[in-house]
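Here's the structure, in structure tokens; my notes come after.
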Protein chains: 2
Amino acid sequence: MLNKSINMFKKRENITEIEEGNLLSPKFDNDGLIPVVTTCANTKEILMHGYMNVEALKLTIETKEAHYWSRSRKKIWHKGEASGFKQKVVEMKIDDDQDAIWLTVDIGNGISCHVGYRSCFYRNIPLGQIKDLEQIEMDFKERKKLFDPEKIYKNKPNPTKI
Amino acid sequence: MLNKSINMFKKRENITEIEEGNLLSPKFDNDGLIPVVTTCANTKEILMHGYMNVEALKLTIETKEAHYWSRSRKKIWHKGEASGFKQKVVEMKIDDDQDAIWLTVDIGNGISCHVGYRSCFYRNIPLGQIKDLEQIEMDFKERKKLFDPEKIYKNKPNPTKI
């Protein structure tokens with residue numbers, strides 16, 4: 001089960017306050033999570049898409065280092081704990097209805113993706129008419145892995161789930 | 001109920017194929033949705049965070065205009081239908097485990113947020129020690145609304161839910 005910490009942020013009471021107010025009042029889904037998009041402060045590219053629970057959000061604000069909720073490992077995930085590639089938070093934003101977070105982070109020359117690429121988004125989906133939905137061939141935008149995941153993560157299980 | 005169209009994309013069978021393969025094999029959650037982050041091709045800022053179902057993903061690929069699944073209205077949402085601010089897809093990426101999409105779009109001088117700001121992410125969360133979780137005061141990064149939502153949307157209900 002997910003670790004649903006107590007949500008003590010401002011209670012969501014009316015839409016004008018949520019959209020136009022200045023108090024943080026995030027919406028967590030039925031699993032106690034809020035989606036988070038993380039971009040690189042230098043390149044502006046999206047590095048990853050993850051989730052936070054109440055605890056991860058509090059830790060991120062207070063430590064200024066990105067913490068997520070790992071859905072595969074079912075625990076708080078201090079990004080970079082295993083790989084060393086920590087994410088220093090430069091800026092943190094929330095959207096209009098306060099149900100998504102945008103983190104801008106500094107990773108220096110670091111890497112974000114457990115597969116070994118800098119960004120998790122290393123493949124392009126081709127646009128235009130689809131001939132066969134089962135055979136949509138993507139292009140790799142990043143070809144070169146920046147580290148060998150087997151060396152970095154050793155015997156840790158792969159977080160990707162089928 | 002959500003409109004779960006039939007998922008005829010390549011079946012997710014093994015992790016190496018999902019992470020390192022070139023065939024599109026997206027993961028939809030229990031509600032039949034995949035999260036989507038949309039950035040502006042010009043400014044590189046994140047405009048919005050939304051969701052697609054199978055049908056919205058197919059429509060986006062084929063029409064090269066962003067289509068989402070509206071969770072509040074429970075229907076396919078051709079972005080810009082009501083406001084006129086359509087999103088032309090410049091690039092579309094998927095992440096390592098194929099459970100999140102990054103759309104880069106051209107909106108010209110248009111607007112993305114139903115509240116009237118250019119980006120939905122117009123407020124910054126302050127970093128550092130939290131004194132009172134109920135009273136975290138955010139800064140507005142965008143001050144000026146670019147349109148009057150009441151004029152554009154007339155009597156349409158606000159999509160934000162408490």
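Scheme for the structure tokens: letters A, B, ... for chains in order shown; per-chain residue numbers from 1; ligand numbers from 1 in order shown.
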Checklist entry - Leaving out Asn53 of chain A and any residue of its chain fewer than 2 positions from it, which residues lie within 7 Å of it when counting only C-alpha atoms, given as a list in words? => result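 The filter keeps Lys4, Gly32, Leu33, Ile34, Tyr51, Glu55, Ala56, Leu57 and Trp69 of chain A.
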Next on the checklist: Could you work out which residues of chain A fall inside 7 Å of chain B? Count only C-alpha atoms, and format the result as a PyMOL selection string.
Outcome noted: chain A and resi 8-10+12-15+22-24+44+49+61-64+92-97+100+120-125+127-130+133-139+160+162
Quick one: write out the picked residues with N, CA and C atoms as a CSV table (one decimal), in the first residue's frame?
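Result written to selection-v1.csv:
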```
chain,number,residue,atom,x,y,z
A,8,MET,N,-1.8,18.0,5.3
A,8,MET,CA,-2.1,19.1,6.2
A,8,MET,C,-1.9,20.4,5.4
A,9,PHE,N,-1.8,20.3,4.1
A,9,PHE,CA,-1.8,21.6,3.3
A,9,PHE,C,-3.2,22.2,3.4
A,10,LYS,N,-3.2,23.5,3.0
A,10,LYS,CA,-4.5,24.2,3.0
A,10,LYS,C,-5.6,23.4,2.4
A,12,ARG,N,-8.8,22.3,0.3
A,12,ARG,CA,-9.3,22.8,-1.0
A,12,ARG,C,-10.8,23.1,-0.8
A,13,GLU,N,-11.2,24.4,-0.7
A,13,GLU,CA,-12.6,24.7,-0.4
A,13,GLU,C,-13.4,25.4,-1.5
A,14,ASN,N,-12.7,26.3,-2.3
A,14,ASN,CA,-13.4,26.9,-3.4
A,14,ASN,C,-12.5,27.1,-4.6
A,15,ILE,N,-13.1,27.1,-5.8
A,15,ILE,CA,-12.3,27.1,-7.0
A,15,ILE,C,-11.5,28.4,-7.2
A,22,ASN,N,-3.1,32.5,-3.4
A,22,ASN,CA,-1.7,32.3,-3.3
A,22,ASN,C,-1.3,31.2,-2.3
A,23,LEU,N,-2.3,30.5,-1.7
A,23,LEU,CA,-1.9,29.5,-0.8
A,23,LEU,C,-1.8,28.1,-1.5
A,24,LEU,N,-0.8,27.4,-1.1
A,24,LEU,CA,-0.5,26.1,-1.7
A,24,LEU,C,-1.6,25.1,-1.2
A,44,LYS,N,16.5,23.2,-20.5
A,44,LYS,CA,15.1,23.4,-20.6
A,44,LYS,C,14.4,22.1,-21.0
A,49,HIS,N,9.1,12.4,-15.7
A,49,HIS,CA,7.8,12.6,-15.2
A,49,HIS,C,7.6,11.6,-14.1
A,61,ILE,N,10.4,20.5,-0.8
A,61,ILE,CA,10.4,22.0,-0.5
A,61,ILE,C,11.5,22.3,0.6
A,62,GLU,N,11.6,21.4,1.6
A,62,GLU,CA,12.5,21.7,2.7
A,62,GLU,C,13.9,21.5,2.4
A,63,THR,N,14.2,20.4,1.7
A,63,THR,CA,15.7,20.1,1.4
A,63,THR,C,16.2,20.7,0.1
A,64,LYS,N,15.3,21.2,-0.7
A,64,LYS,CA,15.6,21.7,-2.0
A,64,LYS,C,16.3,20.7,-2.9
A,92,MET,N,10.1,25.7,-8.4
A,92,MET,CA,9.0,24.8,-8.2
A,92,MET,C,7.7,25.5,-8.5
A,93,LYS,N,6.9,25.0,-9.4
A,93,LYS,CA,5.6,25.7,-9.7
A,93,LYS,C,4.5,24.7,-9.6
A,94,ILE,N,3.3,25.2,-9.5
A,94,ILE,CA,2.1,24.4,-9.5
A,94,ILE,C,1.1,24.9,-10.5
A,95,ASP,N,0.2,24.1,-11.0
A,95,ASP,CA,-0.6,24.6,-12.1
A,95,ASP,C,-2.0,25.2,-11.6
A,96,ASP,N,-2.8,25.6,-12.5
A,96,ASP,CA,-4.0,26.3,-12.2
A,96,ASP,C,-4.9,25.6,-11.1
A,97,ASP,N,-5.2,24.4,-11.4
A,97,ASP,CA,-6.1,23.7,-10.4
A,97,ASP,C,-5.3,22.9,-9.3
A,100,ALA,N,-0.8,19.4,-10.5
A,100,ALA,CA,0.4,19.0,-11.2
A,100,ALA,C,1.5,20.0,-10.8
A,120,CYS,N,14.7,11.0,-19.8
A,120,CYS,CA,13.9,9.8,-20.0
A,120,CYS,C,13.2,9.8,-21.3
A,121,PHE,N,13.1,11.0,-21.9
A,121,PHE,CA,12.4,11.2,-23.2
A,121,PHE,C,13.4,11.1,-24.3
A,122,TYR,N,13.8,9.9,-24.7
A,122,TYR,CA,14.8,9.8,-25.7
A,122,TYR,C,14.3,9.3,-27.1
A,123,ARG,N,13.0,9.1,-27.1
A,123,ARG,CA,12.4,8.6,-28.4
A,123,ARG,C,11.2,9.4,-28.9
A,124,ASN,N,11.2,9.7,-30.2
A,124,ASN,CA,10.2,10.5,-30.8
A,124,ASN,C,9.1,9.6,-31.4
A,125,ILE,N,7.9,10.0,-31.2
A,125,ILE,CA,6.7,9.3,-31.8
A,125,ILE,C,6.5,10.0,-33.2
A,127,LEU,N,4.6,11.5,-36.4
A,127,LEU,CA,3.3,12.1,-36.6
A,127,LEU,C,2.8,11.8,-38.0
A,128,GLY,N,1.5,11.8,-38.1
A,128,GLY,CA,0.8,11.6,-39.4
A,128,GLY,C,0.0,10.3,-39.4
A,129,GLN,N,-0.5,9.9,-40.5
A,129,GLN,CA,-1.4,8.8,-40.6
A,129,GLN,C,-0.8,7.5,-40.1
A,130,ILE,N,-1.6,6.8,-39.3
A,130,ILE,CA,-1.2,5.6,-38.7
A,130,ILE,C,-1.6,4.4,-39.6
A,133,LEU,N,-1.3,0.3,-35.9
A,133,LEU,CA,-1.2,0.8,-34.5
A,133,LEU,C,-0.1,-0.1,-33.8
A,134,GLU,N,0.0,-1.3,-34.2
A,134,GLU,CA,1.0,-2.2,-33.5
A,134,GLU,C,2.4,-2.0,-34.0
A,135,GLN,N,2.6,-1.2,-35.0
A,135,GLN,CA,3.9,-1.1,-35.6
A,135,GLN,C,4.3,0.4,-35.8
A,136,ILE,N,4.1,1.2,-34.8
A,136,ILE,CA,4.5,2.6,-34.9
A,136,ILE,C,6.0,2.7,-34.5
A,137,GLU,N,6.8,3.0,-35.5
A,137,GLU,CA,8.3,3.0,-35.2
A,137,GLU,C,8.8,4.4,-34.8
A,138,MET,N,9.4,4.4,-33.6
A,138,MET,CA,9.9,5.6,-33.1
A,138,MET,C,11.4,5.9,-33.5
A,139,ASP,N,11.8,7.1,-33.4
A,139,ASP,CA,13.2,7.5,-33.6
A,139,ASP,C,13.9,7.7,-32.3
A,160,THR,N,11.1,-0.3,-14.1
A,160,THR,CA,10.0,-0.4,-15.2
A,160,THR,C,9.2,-1.6,-15.0
A,162,ILE,N,5.9,-4.0,-16.6
A,162,ILE,CA,5.2,-4.2,-17.8
A,162,ILE,C,3.7,-3.8,-17.6
```
Checklist entry - How many Å lie between atom CA of Glu17 of chain A and atom CA of Pro157 of chain B, rounded to one decimal? => result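 Answer for the atom CA of Glu17 of chain A to atom CA of Pro157 of chain B separation: 16.5 Å.
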Checklist entry - What is the atom CA of Arg71 of chain B to atom CA of Tyr153 of chain B distance in Å? => result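 Computed distance, atom CA of Arg71 of chain B to atom CA of Tyr153 of chain B, equals 17.9 Å.
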Checklist entry - Any idea what's packed within 9 Å of Leu146 of chain B, counting only C-alpha atoms, ignoring anything in its chain fewer than 2 positions away? Could you give it as a VMD selection string? => result chain B and resid 110 to 111 116 to 118 144 148
Take the residues from that selection and put them in a file with all heavy atoms, as a PDB file, in the first residue's frame.
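In the end it all went to part.pdb:
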```pdb
ATOM      1  N   GLY B 110      -0.672  32.443 -28.808  1.00  0.00           N
ATOM      2  CA  GLY B 110      -1.866  32.001 -28.086  1.00  0.00           C
ATOM      3  C   GLY B 110      -1.632  31.754 -26.618  1.00  0.00           C
ATOM      4  O   GLY B 110      -0.570  32.017 -26.065  1.00  0.00           O
ATOM      5  N   ILE B 111      -2.656  31.213 -26.019  1.00  0.00           N
ATOM      6  CA  ILE B 111      -2.740  31.060 -24.576  1.00  0.00           C
ATOM      7  C   ILE B 111      -3.107  29.608 -24.304  1.00  0.00           C
ATOM      8  O   ILE B 111      -3.808  28.979 -25.091  1.00  0.00           O
ATOM      9  CB  ILE B 111      -3.818  32.031 -24.052  1.00  0.00           C
ATOM     10  CG1 ILE B 111      -3.312  33.472 -24.191  1.00  0.00           C
ATOM     11  CG2 ILE B 111      -4.216  31.730 -22.622  1.00  0.00           C
ATOM     12  CD1 ILE B 111      -4.411  34.461 -24.348  1.00  0.00           C
ATOM     13  N   GLY B 116      -6.698  32.180 -17.992  1.00  0.00           N
ATOM     14  CA  GLY B 116      -6.397  33.404 -18.739  1.00  0.00           C
ATOM     15  C   GLY B 116      -4.915  33.695 -18.882  1.00  0.00           C
ATOM     16  O   GLY B 116      -4.527  34.632 -19.562  1.00  0.00           O
ATOM     17  N   TYR B 117      -4.087  32.865 -18.227  1.00  0.00           N
ATOM     18  CA  TYR B 117      -2.640  33.057 -18.340  1.00  0.00           C
ATOM     19  C   TYR B 117      -2.110  32.231 -19.511  1.00  0.00           C
ATOM     20  O   TYR B 117      -2.767  31.315 -19.994  1.00  0.00           O
ATOM     21  CB  TYR B 117      -1.944  32.633 -17.037  1.00  0.00           C
ATOM     22  CG  TYR B 117      -2.387  33.450 -15.840  1.00  0.00           C
ATOM     23  CD1 TYR B 117      -3.246  32.911 -14.896  1.00  0.00           C
ATOM     24  CD2 TYR B 117      -1.945  34.761 -15.669  1.00  0.00           C
ATOM     25  CE1 TYR B 117      -3.666  33.654 -13.797  1.00  0.00           C
ATOM     26  CE2 TYR B 117      -2.365  35.515 -14.572  1.00  0.00           C
ATOM     27  CZ  TYR B 117      -3.220  34.961 -13.641  1.00  0.00           C
ATOM     28  OH  TYR B 117      -3.632  35.701 -12.563  1.00  0.00           O
ATOM     29  N   ARG B 118      -0.887  32.571 -19.916  1.00  0.00           N
ATOM     30  CA  ARG B 118      -0.302  31.843 -21.052  1.00  0.00           C
ATOM     31  C   ARG B 118      -0.027  30.389 -20.682  1.00  0.00           C
ATOM     32  O   ARG B 118      -0.411  29.468 -21.381  1.00  0.00           O
ATOM     33  CB  ARG B 118       1.003  32.539 -21.470  1.00  0.00           C
ATOM     34  CG  ARG B 118       1.610  31.929 -22.695  1.00  0.00           C
ATOM     35  CD  ARG B 118       2.781  32.739 -23.205  1.00  0.00           C
ATOM     36  NE  ARG B 118       3.608  31.890 -24.020  1.00  0.00           N
ATOM     37  CZ  ARG B 118       3.374  31.602 -25.297  1.00  0.00           C
ATOM     38  NH1 ARG B 118       2.346  32.125 -25.910  1.00  0.00           N
ATOM     39  NH2 ARG B 118       4.170  30.798 -25.966  1.00  0.00           N
ATOM     40  N   LYS B 144      -0.505  39.189 -15.483  1.00  0.00           N
ATOM     41  CA  LYS B 144      -1.474  39.775 -16.400  1.00  0.00           C
ATOM     42  C   LYS B 144      -2.204  38.678 -17.165  1.00  0.00           C
ATOM     43  O   LYS B 144      -1.590  37.839 -17.810  1.00  0.00           O
ATOM     44  CB  LYS B 144      -0.709  40.660 -17.396  1.00  0.00           C
ATOM     45  CG  LYS B 144      -1.580  41.652 -18.117  1.00  0.00           C
ATOM     46  CD  LYS B 144      -0.750  42.652 -18.907  1.00  0.00           C
ATOM     47  CE  LYS B 144      -1.583  43.266 -20.025  1.00  0.00           C
ATOM     48  NZ  LYS B 144      -1.273  42.741 -21.337  1.00  0.00           N
ATOM     49  N   ASP B 148     -10.037  37.355 -21.118  1.00  0.00           N
ATOM     50  CA  ASP B 148     -11.041  37.306 -20.070  1.00  0.00           C
ATOM     51  C   ASP B 148     -11.794  35.984 -20.221  1.00  0.00           C
ATOM     52  O   ASP B 148     -12.562  35.805 -21.173  1.00  0.00           O
ATOM     53  CB  ASP B 148     -11.989  38.499 -20.229  1.00  0.00           C
ATOM     54  CG  ASP B 148     -13.090  38.485 -19.183  1.00  0.00           C
ATOM     55  OD1 ASP B 148     -13.222  37.467 -18.474  1.00  0.00           O
ATOM     56  OD2 ASP B 148     -13.808  39.487 -19.085  1.00  0.00           O
TER      57      ASP B 148
END
```
Item to check | alpha helix (DSSP H) call set, DSSP backbone run, chain B, as a list in words | outcome: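 For chain B, the alpha helix (DSSP H) set is Ile15, Thr16, Glu17, Ile18, Glu19, Glu20, Val54, Glu55, Ala56, Leu57, Lys58, Leu59, Thr60, Ile61, Glu62, Thr63, Pro149, Glu150, Lys151, Ile152 and Tyr153 of chain B.
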Write out the residues from the selection above, keeping N, CA and C atoms, as a PDB file, in the first residue's frame.
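Okay, this is what ended up in selection_13.pdb:
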```
ATOM      1  N   ILE B  15      10.585  -5.879 -20.728  1.00  0.00           N
ATOM      2  CA  ILE B  15      11.087  -4.568 -20.331  1.00  0.00           C
ATOM      3  C   ILE B  15      12.120  -4.033 -21.318  1.00  0.00           C
ATOM      4  N   THR B  16      12.959  -4.894 -21.852  1.00  0.00           N
ATOM      5  CA  THR B  16      13.965  -4.422 -22.815  1.00  0.00           C
ATOM      6  C   THR B  16      13.297  -3.823 -24.050  1.00  0.00           C
ATOM      7  N   GLU B  17      12.275  -4.498 -24.533  1.00  0.00           N
ATOM      8  CA  GLU B  17      11.546  -3.946 -25.690  1.00  0.00           C
ATOM      9  C   GLU B  17      10.927  -2.593 -25.370  1.00  0.00           C
ATOM     10  N   ILE B  18      10.330  -2.502 -24.168  1.00  0.00           N
ATOM     11  CA  ILE B  18       9.659  -1.253 -23.778  1.00  0.00           C
ATOM     12  C   ILE B  18      10.668  -0.111 -23.676  1.00  0.00           C
ATOM     13  N   GLU B  19      11.819  -0.389 -23.052  1.00  0.00           N
ATOM     14  CA  GLU B  19      12.806   0.673 -22.803  1.00  0.00           C
ATOM     15  C   GLU B  19      13.724   0.937 -23.991  1.00  0.00           C
ATOM     16  N   GLU B  20      14.107  -0.122 -24.675  1.00  0.00           N
ATOM     17  CA  GLU B  20      15.156   0.019 -25.689  1.00  0.00           C
ATOM     18  C   GLU B  20      14.636  -0.214 -27.105  1.00  0.00           C
ATOM     19  N   VAL B  54      -6.578   6.232 -25.329  1.00  0.00           N
ATOM     20  CA  VAL B  54      -6.114   5.672 -26.605  1.00  0.00           C
ATOM     21  C   VAL B  54      -6.573   6.542 -27.770  1.00  0.00           C
ATOM     22  N   GLU B  55      -7.833   6.917 -27.739  1.00  0.00           N
ATOM     23  CA  GLU B  55      -8.418   7.684 -28.839  1.00  0.00           C
ATOM     24  C   GLU B  55      -7.748   9.055 -28.981  1.00  0.00           C
ATOM     25  N   ALA B  56      -7.517   9.736 -27.865  1.00  0.00           N
ATOM     26  CA  ALA B  56      -6.882  11.062 -27.904  1.00  0.00           C
ATOM     27  C   ALA B  56      -5.456  10.955 -28.441  1.00  0.00           C
ATOM     28  N   LEU B  57      -4.762   9.888 -28.059  1.00  0.00           N
ATOM     29  CA  LEU B  57      -3.389   9.694 -28.541  1.00  0.00           C
ATOM     30  C   LEU B  57      -3.395   9.467 -30.055  1.00  0.00           C
ATOM     31  N   LYS B  58      -4.294   8.620 -30.517  1.00  0.00           N
ATOM     32  CA  LYS B  58      -4.394   8.370 -31.963  1.00  0.00           C
ATOM     33  C   LYS B  58      -4.734   9.656 -32.720  1.00  0.00           C
ATOM     34  N   LEU B  59      -5.702  10.400 -32.203  1.00  0.00           N
ATOM     35  CA  LEU B  59      -6.115  11.642 -32.870  1.00  0.00           C
ATOM     36  C   LEU B  59      -4.974  12.652 -32.920  1.00  0.00           C
ATOM     37  N   THR B  60      -4.193  12.722 -31.839  1.00  0.00           N
ATOM     38  CA  THR B  60      -3.075  13.673 -31.804  1.00  0.00           C
ATOM     39  C   THR B  60      -2.019  13.299 -32.836  1.00  0.00           C
ATOM     40  N   ILE B  61      -1.695  12.013 -32.903  1.00  0.00           N
ATOM     41  CA  ILE B  61      -0.693  11.564 -33.875  1.00  0.00           C
ATOM     42  C   ILE B  61      -1.177  11.850 -35.299  1.00  0.00           C
ATOM     43  N   GLU B  62      -2.420  11.529 -35.566  1.00  0.00           N
ATOM     44  CA  GLU B  62      -2.906  11.617 -36.945  1.00  0.00           C
ATOM     45  C   GLU B  62      -3.227  13.040 -37.398  1.00  0.00           C
ATOM     46  N   THR B  63      -3.790  13.851 -36.513  1.00  0.00           N
ATOM     47  CA  THR B  63      -4.182  15.215 -36.931  1.00  0.00           C
ATOM     48  C   THR B  63      -3.073  16.229 -36.684  1.00  0.00           C
ATOM     49  N   PRO B 149     -11.563  35.046 -19.304  1.00  0.00           N
ATOM     50  CA  PRO B 149     -12.178  33.715 -19.454  1.00  0.00           C
ATOM     51  C   PRO B 149     -13.700  33.780 -19.589  1.00  0.00           C
ATOM     52  N   GLU B 150     -14.323  34.747 -18.936  1.00  0.00           N
ATOM     53  CA  GLU B 150     -15.793  34.810 -19.016  1.00  0.00           C
ATOM     54  C   GLU B 150     -16.273  35.131 -20.422  1.00  0.00           C
ATOM     55  N   LYS B 151     -15.465  35.925 -21.129  1.00  0.00           N
ATOM     56  CA  LYS B 151     -15.861  36.259 -22.513  1.00  0.00           C
ATOM     57  C   LYS B 151     -15.621  35.076 -23.448  1.00  0.00           C
ATOM     58  N   ILE B 152     -14.492  34.411 -23.233  1.00  0.00           N
ATOM     59  CA  ILE B 152     -14.117  33.318 -24.136  1.00  0.00           C
ATOM     60  C   ILE B 152     -15.016  32.096 -23.924  1.00  0.00           C
ATOM     61  N   TYR B 153     -15.201  31.744 -22.657  1.00  0.00           N
ATOM     62  CA  TYR B 153     -15.897  30.477 -22.386  1.00  0.00           C
ATOM     63  C   TYR B 153     -17.397  30.669 -22.134  1.00  0.00           C
TER      64      TYR B 153
END
```
Checklist entry - So which residues of segment 29-118 of chain B fall under strand (DSSP E or B) by DSSP, listed as a PyMOL selection string? => result chain B and resi 34-40+46-52+65+67-70+75-78+88-94+101-106
Next on the checklist: Just the number, please: distance in Å from atom CA of Ala41 of chain B to atom CA of Thr104 of chain B, one decimal.
Outcome noted: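 Computed distance, atom CA of Ala41 of chain B to atom CA of Thr104 of chain B, equals 5.5 Å.
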